[in-house]
$ cat protein-v4.cif   # mmCIF, C-alpha atoms and all ligand atoms
data_start
#
loop_
_atom_site.label_atom_id
_atom_site.label_comp_id
_atom_site.auth_asym_id
_atom_site.auth_seq_id
_atom_site.Cartn_x
_atom_site.Cartn_y
_atom_site.Cartn_z
CA MET Q 1 36.07 3.37 0.01
CA THR Q 2 35.24 1.06 -2.90
CA THR Q 3 35.69 -2.66 -2.55
CA ALA Q 4 35.94 -5.33 -5.25
CA ARG Q 5 32.51 -6.25 -6.47
CA ASP Q 6 31.37 -9.80 -5.62
CA PRO Q 7 30.52 -11.62 -8.90
CA ARG Q 8 28.05 -13.86 -7.05
CA LEU Q 9 25.75 -10.87 -6.87
CA ASP Q 10 25.63 -10.38 -10.64
CA ALA Q 11 22.80 -12.70 -11.70
CA TYR Q 12 20.05 -11.23 -9.55
CA TRP Q 13 18.53 -8.17 -11.28
CA MET Q 14 17.04 -6.46 -8.25
CA PRO Q 15 13.62 -4.74 -8.39
CA PHE Q 16 13.28 -0.99 -7.79
CA THR Q 17 16.92 -0.93 -6.71
CA ALA Q 18 20.03 0.99 -7.67
CA ASN Q 19 21.68 -2.31 -8.66
CA ARG Q 20 25.21 -0.99 -9.25
CA GLN Q 21 25.28 0.99 -6.01
CA PHE Q 22 23.89 -1.95 -4.04
CA LYS Q 23 26.36 -4.45 -5.45
CA GLN Q 24 29.28 -2.21 -4.54
CA ALA Q 25 28.13 -2.12 -0.90
CA PRO Q 26 25.48 -4.82 -0.35
CA ARG Q 27 22.96 -4.60 2.47
CA GLN Q 28 21.97 -8.20 3.17
CA LEU Q 29 19.37 -9.22 5.74
CA VAL Q 30 19.59 -12.78 7.02
CA ARG Q 31 17.20 -13.03 9.97
CA ALA Q 32 14.27 -11.21 11.52
CA GLU Q 33 12.35 -11.28 14.79
CA GLY Q 34 9.86 -8.86 16.31
CA MET Q 35 10.89 -5.28 15.49
CA HIS Q 36 14.33 -6.21 14.17
CA TYR Q 37 16.34 -7.54 11.28
CA TRP Q 38 19.87 -8.91 11.49
CA THR Q 39 22.43 -8.35 8.74
CA ASP Q 40 24.93 -10.84 7.35
CA ASP Q 41 27.63 -9.13 9.40
CA GLY Q 42 25.64 -9.67 12.60
CA ARG Q 43 24.22 -6.19 13.15
CA GLN Q 44 20.74 -5.69 14.60
CA VAL Q 45 18.55 -3.27 12.59
CA LEU Q 46 15.35 -1.68 13.87
CA ASP Q 47 12.63 -2.03 11.22
CA GLY Q 48 11.02 1.37 10.67
CA VAL Q 49 9.07 0.32 7.59
CA ALA Q 50 7.49 -3.07 8.40
CA GLY Q 51 9.66 -4.63 5.71
CA LEU Q 52 7.90 -2.81 2.89
CA TRP Q 53 4.67 -1.66 4.53
CA CYS Q 54 3.65 -5.26 5.09
CA VAL Q 55 4.95 -6.92 8.28
CA ASN Q 56 2.34 -5.23 10.44
CA ALA Q 57 2.52 -7.72 13.33
CA GLY Q 58 6.32 -7.73 13.38
CA HIS Q 59 8.67 -10.48 12.25
CA GLY Q 60 8.82 -14.18 12.96
CA ARG Q 61 5.48 -14.44 14.73
CA PRO Q 62 5.35 -18.07 15.99
CA ARG Q 63 1.65 -18.64 15.25
CA ILE Q 64 2.09 -17.58 11.63
CA VAL Q 65 5.32 -19.54 11.17
CA ARG Q 66 3.66 -22.68 12.55
CA ALA Q 67 0.59 -22.25 10.35
CA ILE Q 68 2.72 -22.03 7.21
CA GLN Q 69 4.84 -25.05 8.19
CA GLU Q 70 1.81 -27.20 9.00
CA GLN Q 71 -0.04 -26.15 5.87
CA ALA Q 72 2.92 -27.02 3.64
CA ALA Q 73 2.91 -30.53 5.08
CA GLU Q 74 -0.89 -30.98 4.92
CA LEU Q 75 -1.99 -29.47 1.60
CA ASP Q 76 0.73 -27.82 -0.45
CA TYR Q 77 -1.39 -26.68 -3.35
CA ALA Q 78 -4.97 -26.88 -4.55
CA PRO Q 79 -6.19 -25.59 -7.92
CA PRO Q 80 -8.38 -22.53 -7.42
CA PHE Q 81 -10.31 -22.89 -10.70
CA GLN Q 82 -13.42 -25.08 -10.31
CA MET Q 83 -11.97 -26.45 -7.04
CA GLY Q 84 -11.67 -25.13 -3.51
CA HIS Q 85 -10.11 -25.80 -0.15
CA PRO Q 86 -11.67 -24.95 3.22
CA LYS Q 87 -9.19 -22.32 4.37
CA ALA Q 88 -9.89 -20.14 1.30
CA PHE Q 89 -13.55 -19.86 2.30
CA GLU Q 90 -12.70 -19.41 5.96
CA LEU Q 91 -10.24 -16.61 5.24
CA ALA Q 92 -12.63 -14.81 2.88
CA GLY Q 93 -15.32 -14.97 5.57
CA ARG Q 94 -12.99 -13.66 8.28
CA LEU Q 95 -11.80 -10.82 6.02
CA ALA Q 96 -15.37 -9.90 5.11
CA GLU Q 97 -16.12 -9.43 8.82
CA LEU Q 98 -13.31 -6.88 9.10
CA ALA Q 99 -14.22 -4.91 5.98
CA PRO Q 100 -16.47 -1.85 5.87
CA ALA Q 101 -20.15 -2.81 5.86
CA GLY Q 102 -21.28 -4.18 2.51
CA LEU Q 103 -17.84 -5.00 1.07
CA ASP Q 104 -18.16 -8.64 1.95
CA ARG Q 105 -17.17 -10.46 -1.21
CA VAL Q 106 -13.45 -11.23 -1.53
CA PHE Q 107 -11.35 -12.13 -4.60
CA PHE Q 108 -7.84 -13.44 -3.92
CA THR Q 109 -4.69 -12.44 -5.83
CA ASN Q 110 -0.96 -12.64 -5.11
CA SER Q 111 0.12 -9.02 -4.86
CA GLY Q 112 -1.01 -5.43 -4.72
CA SER Q 113 -0.43 -5.05 -8.44
CA GLU Q 114 -2.68 -8.00 -9.18
CA SER Q 115 -5.32 -6.69 -6.79
CA VAL Q 116 -5.38 -3.44 -8.73
CA GLU Q 117 -5.73 -5.19 -12.11
CA THR Q 118 -8.50 -7.31 -10.63
CA ALA Q 119 -10.39 -4.29 -9.28
CA LEU Q 120 -10.16 -2.41 -12.57
CA LYS Q 121 -11.42 -5.46 -14.48
CA ILE Q 122 -14.31 -5.97 -12.04
CA ALA Q 123 -15.31 -2.32 -12.47
CA LEU Q 124 -15.20 -2.47 -16.28
CA ALA Q 125 -17.05 -5.77 -16.46
CA TRP Q 126 -19.68 -4.66 -13.97
CA GLN Q 127 -20.46 -1.49 -15.90
CA ARG Q 128 -20.98 -3.62 -18.99
CA LEU Q 129 -23.11 -6.17 -17.13
CA ARG Q 130 -25.45 -3.46 -15.94
CA GLY Q 131 -25.93 -2.11 -19.43
CA GLN Q 132 -23.35 0.68 -19.15
CA GLY Q 133 -20.82 -0.75 -21.61
CA SER Q 134 -19.83 2.69 -22.86
CA ARG Q 135 -18.18 3.30 -19.48
CA THR Q 136 -14.64 2.20 -20.32
CA ARG Q 137 -12.60 5.11 -19.03
CA LEU Q 138 -10.52 4.75 -15.86
CA ILE Q 139 -9.49 7.70 -13.72
CA GLY Q 140 -6.44 7.72 -11.47
CA ARG Q 141 -4.58 10.53 -9.75
CA GLU Q 142 -1.27 12.25 -10.30
CA ARG Q 143 1.42 10.81 -8.02
CA GLY Q 144 -0.70 7.71 -7.39
CA TYR Q 145 0.98 4.30 -7.11
CA HIS Q 146 -1.04 1.25 -8.03
CA GLY Q 147 1.66 -1.27 -8.70
CA VAL Q 148 3.59 -2.05 -11.83
CA ASN Q 149 1.28 -3.91 -14.19
CA PHE Q 150 -0.18 -2.15 -17.20
CA GLY Q 151 -3.53 -1.20 -15.68
CA GLY Q 152 -2.05 0.00 -12.41
CA MET Q 153 0.77 1.80 -14.19
CA SER Q 154 -1.73 3.55 -16.45
CA VAL Q 155 -3.93 4.88 -13.64
CA GLY Q 156 -0.81 5.52 -11.56
CA GLY Q 157 0.77 8.93 -11.64
CA ILE Q 158 4.48 8.57 -10.87
CA VAL Q 159 6.28 9.62 -14.01
CA GLY Q 160 9.42 7.57 -13.43
CA ASN Q 161 7.31 4.40 -13.27
CA ARG Q 162 5.47 5.22 -16.53
CA LYS Q 163 7.65 7.03 -18.99
CA MET Q 164 9.68 4.07 -20.26
CA PHE Q 165 6.73 1.86 -21.09
CA GLY Q 166 4.98 3.17 -24.14
CA THR Q 167 1.44 4.39 -24.43
CA LEU Q 168 -0.01 2.34 -21.56
CA LEU Q 169 -3.80 1.84 -21.47
CA GLY Q 170 -5.87 4.19 -23.56
CA GLY Q 171 -8.84 6.02 -22.12
CA VAL Q 172 -7.23 6.94 -18.82
CA ASP Q 173 -7.24 10.35 -17.18
CA HIS Q 174 -5.95 11.70 -13.87
CA LEU Q 175 -7.14 13.90 -11.04
CA ARG Q 176 -4.63 16.38 -9.70
CA HIS Q 177 -2.69 15.23 -6.65
CA THR Q 178 -3.40 16.72 -3.24
CA HIS Q 179 0.10 17.74 -2.17
CA ASP Q 180 -0.03 21.43 -1.26
CA PRO Q 181 2.93 22.35 0.95
CA ALA Q 182 2.28 26.08 0.50
CA ARG Q 183 -0.94 25.73 2.52
CA ASN Q 184 -0.51 22.47 4.44
CA ALA Q 185 3.17 22.08 5.41
CA PHE Q 186 3.76 20.56 8.87
CA THR Q 187 0.10 19.67 9.39
CA VAL Q 188 -0.46 17.12 12.15
CA GLY Q 189 -2.95 14.59 10.74
CA GLN Q 190 -5.33 15.50 7.92
CA PRO Q 191 -4.56 18.79 6.16
CA ALA Q 192 -7.20 21.50 6.31
CA HIS Q 193 -6.87 22.57 2.68
CA GLY Q 194 -7.63 20.70 -0.51
CA ALA Q 195 -11.09 19.09 -0.32
CA GLU Q 196 -11.96 21.09 -3.44
CA LEU Q 197 -9.37 19.12 -5.43
CA ALA Q 198 -11.93 16.30 -5.52
CA ASP Q 199 -13.95 18.56 -7.81
CA ASP Q 200 -11.42 17.67 -10.50
CA LEU Q 201 -13.62 14.65 -11.01
CA GLU Q 202 -16.51 16.94 -11.96
CA ARG Q 203 -14.17 18.62 -14.42
CA LEU Q 204 -13.29 15.25 -15.99
CA VAL Q 205 -16.97 14.32 -16.10
CA ALA Q 206 -17.65 17.57 -17.92
CA LEU Q 207 -14.81 16.84 -20.33
CA HIS Q 208 -15.47 13.15 -21.06
CA ASP Q 209 -19.11 12.71 -19.97
CA ALA Q 210 -20.03 10.35 -17.13
CA SER Q 211 -21.33 7.80 -19.65
CA THR Q 212 -17.69 7.05 -20.60
CA ILE Q 213 -16.25 6.70 -17.08
CA ALA Q 214 -16.17 3.30 -15.36
CA ALA Q 215 -14.16 3.90 -12.22
CA VAL Q 216 -11.93 6.14 -10.16
CA ILE Q 217 -9.04 4.69 -8.17
CA VAL Q 218 -7.14 6.50 -5.42
CA GLU Q 219 -5.01 5.57 -2.45
CA PRO Q 220 -6.73 7.02 0.64
CA VAL Q 221 -3.20 7.81 1.85
CA ALA Q 222 -0.74 7.95 -1.04
CA GLY Q 223 2.30 6.05 0.21
CA SER Q 224 4.89 5.37 -2.46
CA THR Q 225 4.82 8.91 -3.80
CA GLY Q 226 5.91 10.22 -0.41
CA VAL Q 227 3.06 9.97 2.12
CA LEU Q 228 0.24 12.31 1.12
CA ILE Q 229 -2.54 12.45 3.70
CA PRO Q 230 -6.07 13.11 2.35
CA PRO Q 231 -7.26 16.66 3.04
CA GLN Q 232 -10.24 16.92 5.36
CA GLY Q 233 -13.42 16.23 3.38
CA TYR Q 234 -11.61 15.20 0.18
CA LEU Q 235 -12.56 11.51 0.19
CA GLN Q 236 -16.15 12.34 1.16
CA ARG Q 237 -16.42 14.67 -1.79
CA LEU Q 238 -15.00 12.08 -4.17
CA ARG Q 239 -17.60 9.60 -2.91
CA GLU Q 240 -20.43 12.08 -3.50
CA ILE Q 241 -19.31 12.83 -7.05
CA CYS Q 242 -18.96 9.12 -7.88
CA ASP Q 243 -22.47 8.51 -6.53
CA ARG Q 244 -23.87 11.36 -8.56
CA HIS Q 245 -22.43 9.99 -11.79
CA GLY Q 246 -22.57 6.20 -11.41
CA ILE Q 247 -18.79 5.85 -11.17
CA VAL Q 248 -17.24 2.95 -9.24
CA LEU Q 249 -14.99 4.22 -6.44
CA ILE Q 250 -11.93 2.07 -5.73
CA PHE Q 251 -9.70 2.65 -2.71
CA ASP Q 252 -6.26 1.14 -3.12
CA GLU Q 253 -5.51 0.10 0.46
CA VAL Q 254 -2.47 -2.04 -0.28
CA ILE Q 255 -0.51 -0.09 2.33
CA THR Q 256 -3.32 1.36 4.45
CA GLY Q 257 -5.15 -1.95 4.88
CA PHE Q 258 -4.74 -3.97 8.07
CA GLY Q 259 -4.35 -1.37 10.73
CA ARG Q 260 -1.89 1.15 9.34
CA THR Q 261 -4.16 4.18 9.93
CA GLY Q 262 -5.72 3.07 13.23
CA GLN Q 263 -8.67 1.04 11.92
CA PRO Q 264 -8.57 -2.17 9.89
CA PHE Q 265 -9.02 -0.07 6.73
CA ALA Q 266 -8.50 3.62 5.94
CA ALA Q 267 -12.08 3.65 4.63
CA GLN Q 268 -13.12 3.20 8.27
CA THR Q 269 -10.59 5.68 9.64
CA TYR Q 270 -11.83 8.40 7.30
CA GLY Q 271 -15.49 7.33 7.30
CA VAL Q 272 -15.86 6.87 3.53
CA THR Q 273 -16.90 3.56 2.01
CA PRO Q 274 -15.79 2.87 -1.55
CA ASP Q 275 -17.27 0.18 -3.83
CA ILE Q 276 -14.06 -1.85 -4.05
CA ILE Q 277 -10.97 -2.04 -1.82
CA THR Q 278 -7.68 -3.49 -3.01
CA THR Q 279 -5.31 -4.99 -0.43
CA ALA Q 280 -2.19 -7.19 -0.19
CA LYS Q 281 0.87 -6.95 2.09
CA GLY Q 282 -0.60 -7.01 5.63
CA VAL Q 283 -3.19 -9.66 4.75
CA THR Q 284 -0.53 -12.31 5.48
CA ASN Q 285 1.81 -10.08 7.47
CA GLY Q 286 4.02 -10.15 4.39
CA CYS Q 287 4.95 -13.79 5.05
CA VAL Q 288 3.45 -15.37 1.92
CA PRO Q 289 2.50 -13.34 -1.18
CA MET Q 290 -1.24 -12.65 -1.24
CA GLY Q 291 -3.68 -9.94 -2.21
CA ALA Q 292 -7.40 -9.61 -1.49
CA VAL Q 293 -9.95 -7.47 -3.31
CA PHE Q 294 -13.07 -6.54 -1.34
CA VAL Q 295 -16.15 -5.96 -3.47
CA ARG Q 296 -19.53 -4.49 -2.63
CA ARG Q 297 -22.01 -7.33 -2.49
CA GLY Q 298 -24.35 -5.79 -5.07
CA ILE Q 299 -21.55 -5.62 -7.63
CA HIS Q 300 -20.64 -9.25 -6.98
CA ASP Q 301 -24.26 -10.35 -7.17
CA ASP Q 302 -24.73 -8.72 -10.56
CA PHE Q 303 -22.13 -11.16 -11.91
CA MET Q 304 -24.14 -14.14 -10.66
CA GLN Q 305 -26.41 -14.46 -13.66
CA GLY Q 306 -26.76 -16.62 -16.78
CA PRO Q 307 -26.45 -20.42 -16.95
CA GLU Q 308 -25.15 -21.72 -13.63
CA HIS Q 309 -22.52 -24.01 -15.16
CA LEU Q 310 -20.73 -21.08 -16.82
CA ILE Q 311 -17.85 -19.10 -15.32
CA GLU Q 312 -19.19 -15.70 -14.25
CA PHE Q 313 -15.92 -13.71 -14.25
CA ALA Q 314 -13.13 -14.80 -16.59
CA HIS Q 315 -10.27 -13.86 -14.31
CA GLY Q 316 -8.02 -15.46 -11.69
CA TYR Q 317 -4.50 -16.65 -10.95
CA THR Q 318 -2.93 -20.09 -10.56
CA TYR Q 319 -2.02 -19.05 -7.04
CA SER Q 320 -5.25 -17.29 -6.05
CA ALA Q 321 -6.09 -18.43 -2.51
CA HIS Q 322 -2.90 -20.50 -2.28
CA PRO Q 323 -3.16 -22.81 0.75
CA LEU Q 324 0.05 -21.45 2.32
CA ALA Q 325 -1.17 -17.89 1.91
CA CYS Q 326 -4.59 -18.74 3.36
CA ALA Q 327 -3.01 -20.46 6.36
CA ALA Q 328 -0.71 -17.48 6.88
CA GLY Q 329 -3.66 -15.10 6.49
CA LEU Q 330 -5.78 -16.88 9.10
CA ALA Q 331 -2.90 -16.97 11.59
CA THR Q 332 -2.17 -13.31 10.84
CA LEU Q 333 -5.77 -12.30 11.57
CA ASP Q 334 -5.62 -14.28 14.84
CA THR Q 335 -2.42 -12.47 15.80
CA TYR Q 336 -3.88 -9.08 14.92
CA ALA Q 337 -7.01 -9.85 16.97
CA GLU Q 338 -5.21 -11.26 20.03
CA GLU Q 339 -2.95 -8.23 20.31
CA GLY Q 340 -5.42 -5.55 19.22
CA LEU Q 341 -3.02 -4.55 16.45
CA LEU Q 342 -5.59 -3.31 13.93
CA THR Q 343 -6.42 -0.36 16.18
CA ARG Q 344 -3.06 0.07 17.92
CA ALA Q 345 -1.93 2.74 15.47
CA ALA Q 346 -4.76 4.95 16.75
CA ALA Q 347 -3.44 4.64 20.30
CA LEU Q 348 0.14 5.43 19.26
CA GLU Q 349 -0.69 8.12 16.70
CA GLY Q 350 -0.33 11.07 19.08
CA GLN Q 351 3.04 9.98 20.34
CA PHE Q 352 4.30 9.07 16.88
CA ALA Q 353 3.17 12.46 15.55
CA GLU Q 354 4.87 14.30 18.39
CA ALA Q 355 8.17 12.49 17.84
CA LEU Q 356 8.00 13.01 14.10
CA HIS Q 357 7.09 16.68 14.22
CA GLY Q 358 9.95 17.16 16.68
CA LEU Q 359 12.21 16.95 13.60
CA ARG Q 360 10.88 20.29 12.39
CA GLY Q 361 13.65 22.81 12.28
CA LEU Q 362 16.40 20.27 11.61
CA PRO Q 363 18.52 20.79 8.47
CA HIS Q 364 16.78 20.25 5.11
CA VAL Q 365 13.31 19.44 6.54
CA ILE Q 366 10.60 21.25 4.55
CA ASP Q 367 7.49 19.29 5.55
CA ILE Q 368 6.36 16.57 7.95
CA ARG Q 369 3.15 14.58 7.45
CA ASN Q 370 1.51 11.83 9.51
CA THR Q 371 -1.53 9.65 10.03
CA GLY Q 372 -1.82 6.53 12.19
CA LEU Q 373 1.59 4.86 12.06
CA VAL Q 374 2.56 6.42 8.73
CA GLY Q 375 5.01 9.29 8.60
CA GLY Q 376 6.52 11.37 5.83
CA ILE Q 377 9.47 13.73 6.26
CA GLU Q 378 10.15 15.75 3.14
CA LEU Q 379 13.62 17.17 2.58
CA ALA Q 380 14.72 19.95 0.28
CA SER Q 381 16.38 18.35 -2.74
CA ARG Q 382 20.02 19.05 -3.47
CA PRO Q 383 20.06 21.29 -6.51
CA GLY Q 384 20.35 19.18 -9.64
CA ASP Q 385 20.44 15.93 -7.64
CA PRO Q 386 16.90 14.95 -6.61
CA GLY Q 387 16.56 12.00 -4.27
CA ARG Q 388 20.22 11.93 -3.30
CA ARG Q 389 19.93 13.66 0.06
CA ALA Q 390 17.19 11.36 1.33
CA PHE Q 391 19.14 8.35 0.07
CA ASP Q 392 22.15 9.54 2.06
CA VAL Q 393 19.90 9.73 5.14
CA PHE Q 394 18.75 6.17 4.42
CA LEU Q 395 22.36 4.93 4.25
CA ASP Q 396 23.30 6.82 7.40
CA CYS Q 397 20.35 5.37 9.32
CA PHE Q 398 21.19 1.87 8.11
CA ALA Q 399 24.74 2.34 9.37
CA GLN Q 400 23.20 3.34 12.71
CA GLY Q 401 21.09 0.15 12.76
CA VAL Q 402 17.76 1.62 11.67
CA LEU Q 403 15.88 0.76 8.47
CA ILE Q 404 13.87 3.57 6.89
CA ARG Q 405 12.59 4.03 3.35
CA THR Q 406 12.91 6.95 1.00
CA THR Q 407 11.05 7.94 -2.10
CA GLY Q 408 12.40 10.92 -3.96
CA ASP Q 409 13.50 13.23 -1.16
CA THR Q 410 10.81 12.09 1.25
CA ILE Q 411 11.51 9.70 4.11
CA ALA Q 412 8.54 7.35 4.53
CA LEU Q 413 8.03 5.58 7.86
CA SER Q 414 5.60 2.73 8.51
CA PRO Q 415 6.87 0.68 11.44
CA PRO Q 416 5.33 -2.62 12.49
CA LEU Q 417 2.23 -1.96 14.60
CA ILE Q 418 3.93 -3.63 17.60
CA ILE Q 419 6.47 -0.80 17.90
CA SER Q 420 7.11 0.40 21.48
CA PRO Q 421 7.25 4.06 22.51
CA GLU Q 422 11.01 3.68 23.13
CA GLN Q 423 11.51 2.29 19.64
CA ILE Q 424 9.61 5.25 18.14
CA GLY Q 425 12.11 7.44 19.95
CA ARG Q 426 15.07 5.48 18.62
CA LEU Q 427 13.73 5.56 15.05
CA VAL Q 428 13.23 9.31 15.04
CA GLU Q 429 16.53 9.97 16.86
CA ALA Q 430 18.46 8.06 14.19
CA ILE Q 431 16.87 10.24 11.50
CA ALA Q 432 17.71 13.39 13.48
CA THR Q 433 21.34 12.27 13.76
CA ALA Q 434 21.51 11.55 10.04
CA LEU Q 435 19.91 14.89 9.13
CA ARG Q 436 22.55 16.73 11.14
CA ARG Q 437 25.29 14.86 9.27
CA VAL Q 438 24.23 14.77 5.63
CA ALA Q 439 25.14 17.61 3.34
C1 LIG O 1 -1.06 1.55 -3.00
C2 LIG O 1 -0.32 0.42 -3.62
N1 LIG O 1 -0.89 -0.27 -4.60
C3 LIG O 1 -0.28 -1.32 -5.19
C4 LIG O 1 0.98 -1.70 -4.80
C5 LIG O 1 1.67 -2.82 -5.48
O1 LIG O 1 1.80 -3.91 -4.66
P1 LIG O 1 2.80 -5.10 -5.05
O2 LIG O 1 4.18 -4.57 -4.97
O3 LIG O 1 2.48 -6.16 -4.01
O4 LIG O 1 2.43 -5.55 -6.42
C6 LIG O 1 1.62 -1.00 -3.76
C7 LIG O 1 2.97 -1.38 -3.32
O5 LIG O 1 3.60 -0.74 -2.52
C8 LIG O 1 0.97 0.11 -3.18
O6 LIG O 1 1.55 0.83 -2.22
#
$ encode --input "protein-v4.cif" --output "structure tokens" --more "lines below"
Ligand SMILES: Cc1ncc(COP(=O)(O)O)c(C=O)c1O
Amino acid sequence: MTTARDPRLDAYWMPFTANRQFKQAPRQLVRAEGMHYWTDDGRQVLDGVAGLWCVNAGHGRPRIVRAIQEQAAELDYAPPFQMGHPKAFELAGRLAELAPAGLDRVFFTNSGSESVETALKIALAWQRLRGQGSRTRLIGRERGYHGVNFGGMSVGGIVGNRKMFGTLLGGVDHLRHTHDPARNAFTVGQPAHGAELADDLERLVALHDASTIAAVIVEPVAGSTGVLIPPQGYLQRLREICDRHGIVLIFDEVITGFGRTGQPFAAQTYGVTPDIITTAKGVTNGCVPMGAVFVRRGIHDDFMQGPEHLIEFAHGYTYSAHPLACAAGLATLDTYAEEGLLTRAAALEGQFAEALHGLRGLPHVIDIRNTGLVGGIELASRPGDPGRRAFDVFLDCFAQGVLIRTTGDTIALSPPLIISPEQIGRLVEAIATALRRVA
């Protein structure tokens, strides 16, 4: 059934959205609490994706709400250039305590995309500061997602996000992605095959020479491309090759940061420490835009040279360390700590995996992948119509009162870390019902 389109929806050009489809049949959320949203027509919707991989402590947490309200009344804004406010320093200190050992210097941004640009710029500038100015090349990975700005888009590897936007940054190359369904389909946890794909970096070193390469950036778990879990030993091998050749290793933890994989950071879950970690989303529980870049102390300290009255790193944003974001961040960390949320995914992982892998054998399912509280269910594409089948599952689930996310023909799940075992069951059951119904 098609209904008349509401002209009040016309002005808003929605991001990463099928605008015309949406405006024919809008899906409007008007309230949220705990594990649920409510729609404008009064339906309750179970949140299977933590908003957009960000509301890790669930919605409407009173401590966070209060902190934002009080902060707005007390100090609405403070310039971050040449001035400070106490909560910025307090939050950076608290975050540094959570980070892998040594990554205890924190630069604030407003989004994952900005965190990525910041990390790439730190890596380039640091190489130059240490007398390695010929290292200007950046290496990403096929299927990687590092946000939508020019640096992140260039090192990213999702063709649909790149092809419309010209030549992007020069001097960028890509590792192969690690998705290998022929050998790894339906693996529970980390796949056994594919560590050798990290050797692609050696191949690129042989091609370009290490003296031209500044940094490598990868998502420990690739999310937006459809949940790709790192093969056993892959990240370790990447670390070794970077060490051997003086290359900065950046983990983009915008979705894996703040408890998603069972530890505060995926670097800790997988036991590999990069030189820089980019984060956003869960740092404020998604309540106020904020990103945080964690930098190895030695890299930071190398910037602290020259006349002391001069700016050491010509970079920053008007809203870096915004007081509302800092207040939300501190209250978020308190909430995570009080409820043990940053390690709760580890406790639930077995049950989540079991529920998810129970979908094996249902129509269209060609692979299931999981780690912590992240799940990917890959469907066979309809011939000539990629992405449509998963989108139909998304619409069906929404009609059932369950919010999931799809990318291509993969369903990506990342529920708030407060999810109950019963709610895991409901989430997966809704997907099973939809899979039985869609063509
Ligand atoms: C790994 C990764 N990096 C960067 C980003 C971009 O973050 P934002 O949308 O906050 O700019 C995302 C967003 O999903 C992401 O998953």
$ atom_distance --input "protein-v4.cif" --atom1 "atom CA of Q:Ala206" --atom2 "atom CA of Q:Thr178"
20.5 Å
$ residues_near_point --input "protein-v4.cif" --point "(-7.6, 4.1, 7.6)" --cutoff "9 Å" --atoms "only C-alpha atoms" --output "PyMOL selection string"
chain Q and resi 220-221+253+256-271+371-372
$ closest_residue --input "protein-v4.cif" --among "Q:Ala222, Q:Val438, Q:Ala18, Q:Val272" --to "ligand LIG 1 (chain O)" --atoms "only C-alpha atoms and all ligand atoms"
Q:Ala222
$ residues_around --input "protein-v4.cif" --residues "stretch 150-154 of chain Q" --least-positions-apart "3" --cutoff "6 Å" --atoms "all atoms listed in the file" --output "list in words"
Glu117, His146, Gly147, Leu168 and Leu169 of chain Q
$ residues_around --input "protein-v4.cif" --residues "Q:Glu378" --least-positions-apart "5" --cutoff "8 Å" --atoms "only C-alpha atoms" --output "list in words"
Gly226, Val365, Ile366, Asp367, Ile368, Asp409, Thr410 and Ile411 of chain Q
$ closest_atom_pairs --input "protein-v4.cif" --of "chain Q" --to "ligand LIG 1 (chain O)" --cutoff "8 Å" --atoms "only C-alpha atoms and all ligand atoms" --output "Markdown table"
| residue | atom | partner | partner_atom | distance |
| --- | --- | --- | --- | --- |
| Q:Leu52 | CA | O:LIG1 | O5 | 7.2 |
| Q:Trp53 | CA | O:LIG1 | O5 | 7.2 |
| Q:Asn110 | CA | O:LIG1 | O3 | 7.4 |
| Q:Ser111 | CA | O:LIG1 | O3 | 3.8 |
| Q:Gly112 | CA | O:LIG1 | O1 | 3.2 |
| Q:Ser113 | CA | O:LIG1 | O4 | 3.5 |
| Q:Glu114 | CA | O:LIG1 | O4 | 6.3 |
| Q:Ser115 | CA | O:LIG1 | C3 | 7.5 |
| Q:Val116 | CA | O:LIG1 | C3 | 6.6 |
| Q:Gly144 | CA | O:LIG1 | C1 | 7.6 |
| Q:Tyr145 | CA | O:LIG1 | C1 | 5.3 |
| Q:His146 | CA | O:LIG1 | N1 | 3.8 |
| Q:Gly147 | CA | O:LIG1 | C5 | 3.6 |
| Q:Val148 | CA | O:LIG1 | O4 | 6.5 |
| Q:Gly152 | CA | O:LIG1 | C3 | 7.6 |
| Q:Glu219 | CA | O:LIG1 | C1 | 5.7 |
| Q:Ala222 | CA | O:LIG1 | C1 | 6.7 |
| Q:Gly223 | CA | O:LIG1 | O6 | 5.8 |
| Q:Ser224 | CA | O:LIG1 | O6 | 5.6 |
| Q:Asp252 | CA | O:LIG1 | C1 | 5.2 |
| Q:Glu253 | CA | O:LIG1 | C1 | 5.8 |
| Q:Val254 | CA | O:LIG1 | C2 | 4.7 |
| Q:Ile255 | CA | O:LIG1 | O6 | 5.1 |
| Q:Thr256 | CA | O:LIG1 | C1 | 7.8 |
| Q:Thr278 | CA | O:LIG1 | N1 | 7.7 |
| Q:Thr279 | CA | O:LIG1 | N1 | 7.7 |
| Q:Ala280 | CA | O:LIG1 | O3 | 6.1 |
| Q:Lys281 | CA | O:LIG1 | O3 | 6.4 |
| Q:Pro289 | CA | O:LIG1 | O3 | 7.7 |
| Q:Met290 | CA | O:LIG1 | O3 | 8.0 |
| Q:Gly291 | CA | O:LIG1 | O3 | 7.4 |
$ closest_residue --input "protein-v4.cif" --among "Q:His322, Q:Arg43, Q:Lys121, Q:Arg135" --to "Q:Gln71" --atoms "only C-alpha atoms"
Q:His322
$ residues_near_point --input "protein-v4.cif" --point "(-16.5, -1.1, 6.8)" --cutoff "8 Å" --atoms "only C-alpha atoms" --output "count of residues only"
10
$ closest_residue --input "protein-v4.cif" --among "Q:Gly384, Q:Pro421, Q:Pro416, Q:Gly361" --to "Q:Leu435" --atoms "all atoms listed in the file"
Q:Gly361
